[in-house]
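A quick write-up on the structure given underneath.
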Amino acid sequence: MATPHINAADDAFAATCLLPGDPLRAKFIAENYLEAVTCVTSLRNMLGFTGYYKGHPISVMGTGMGMPSCVLYSTELMKFYGVQRLVRVGSCGAIDATLRLNDIIIAHCASTDSNMNRKCFTGMDYSAAASPRLLQKLLNYVDREEVDVAVGQVFSTDSFYNFPAEQLQVLQDMGIVAVEMEAAGLYAAAAKYKAQALTVLTVSDSLLTDEHLAAADREAGFSNMIGLTLEALVT
Ligand code: HPA
């Protein structure tokens, strides 16, 4: 049965779903990494696909940008389509001096300036964390394969533009390594629906050096991240 934002059949999604923000990234992942792919939803052009990676059923769906959009789509995937493992694959702005463009970060937890989780948690501060088992699965893989990946706390902000410069130091002081826009909402939503969630990010910007990956240069780093995430999920 279609939901307000997903027009897929009841059994259209696999239990594991990758979540890029950009629906065209979802299409790219489906076409380049999965086999026997079907486009299962296209409402509002927020494309979703299901196929197989090395014989394992995997879905991939765009979420749009920011917590309201990501939480909306991930909630419908969990609540109506039985998705149990959600892995955001996105980009971030580094605020840690050791990180370089194209580095990969696994976000083990996410602080936020959004009010979304507080609203659900009756005004209290929720500790938005990745699912330990999913985190462990990715970490086991990167350790085993000796892949160079950072693990760190991120900050999920509502503001891509006009991010207050004076906040940077506060975030750095608290050990946060990068800024993005979805993880804190995804982690809280997954907790509510008893699903597992994780966020894997590629550094596309540095808020310290003001370097930015051009759109055309994002593909290489993005592809590394997708390859390692899929391998880790199925091994
Ligand atoms: N800020 C927030 N989200 C982002 C950024 C950024 O600089 N880069 C990529 N996602």
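Simple scheme: letters A, B, ... for chains in structure tokens order, numbers from 1 for residues in each chain, numbers from 1 for ligands in the order shown.
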
Using DSSP assignments from the backbone, pull out every residue in stretch 28-79 of chain A that falls under strand (DSSP E or B) and give it to me as a PyMOL selection string. chain A and resi 35-41+48-53+56-61

Write the residues of the preceding selection, restricted to C-alpha atoms, as a PDB file, in the first residue's frame.
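Written out: again_4.pdb:
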```pdb
ATOM      1  CA  GLU A  35      21.887  -6.435  -9.870  1.00  0.00           C
ATOM      2  CA  ALA A  36      18.321  -7.219 -10.971  1.00  0.00           C
ATOM      3  CA  VAL A  37      17.271  -3.719  -9.947  1.00  0.00           C
ATOM      4  CA  THR A  38      13.707  -2.431  -9.923  1.00  0.00           C
ATOM      5  CA  CYS A  39      12.674   1.172  -9.343  1.00  0.00           C
ATOM      6  CA  VAL A  40      10.086   0.747  -6.580  1.00  0.00           C
ATOM      7  CA  THR A  41       9.025   4.326  -5.899  1.00  0.00           C
ATOM      8  CA  GLY A  48      13.862   4.211  -4.498  1.00  0.00           C
ATOM      9  CA  PHE A  49      15.255   0.951  -5.877  1.00  0.00           C
ATOM     10  CA  THR A  50      15.590  -2.659  -4.809  1.00  0.00           C
ATOM     11  CA  GLY A  51      18.093  -5.148  -6.162  1.00  0.00           C
ATOM     12  CA  TYR A  52      20.839  -7.511  -5.053  1.00  0.00           C
ATOM     13  CA  TYR A  53      24.424  -6.951  -3.993  1.00  0.00           C
ATOM     14  CA  HIS A  56      21.930 -10.107  -0.860  1.00  0.00           C
ATOM     15  CA  PRO A  57      18.720  -8.079  -1.231  1.00  0.00           C
ATOM     16  CA  ILE A  58      19.445  -4.370  -0.776  1.00  0.00           C
ATOM     17  CA  SER A  59      17.336  -1.250  -1.312  1.00  0.00           C
ATOM     18  CA  VAL A  60      18.496   2.287  -1.841  1.00  0.00           C
ATOM     19  CA  MET A  61      16.358   5.387  -1.585  1.00  0.00           C
TER      20      MET A  61
END
```

- Output the neighbourhood of ligand 1 as an NGL selection string, that is, all protein and nucleic acid residues with some atom at most 6 Å from the ligand, counting only C-alpha atoms and all ligand atoms. :A and (91-93 or 160 or 179-181 or 204-205)

Test item: residues at most 12 Å from A:Lys79, only C-alpha atoms, excluding those fewer than 3 positions along its chain, as a PyMOL selection string = chain A and resi 3+6+10+13+15+71-76+82-84+189-190+192-195

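Proximity ranking of A:Ile95, A:Val142, A:Ala184, A:Ala128 relative to A:Ser114 places A:Ala184 first, based on only C-alpha atoms.
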
With a distance cut-off of 9 Å and only C-alpha atoms, select the neighbouring residues of A:Ala97, excluding the residue or stretch itself and same-chain residues fewer than 4 positions from it, and output the selection as a ChimeraX atom specification. /A:177,206,208-209
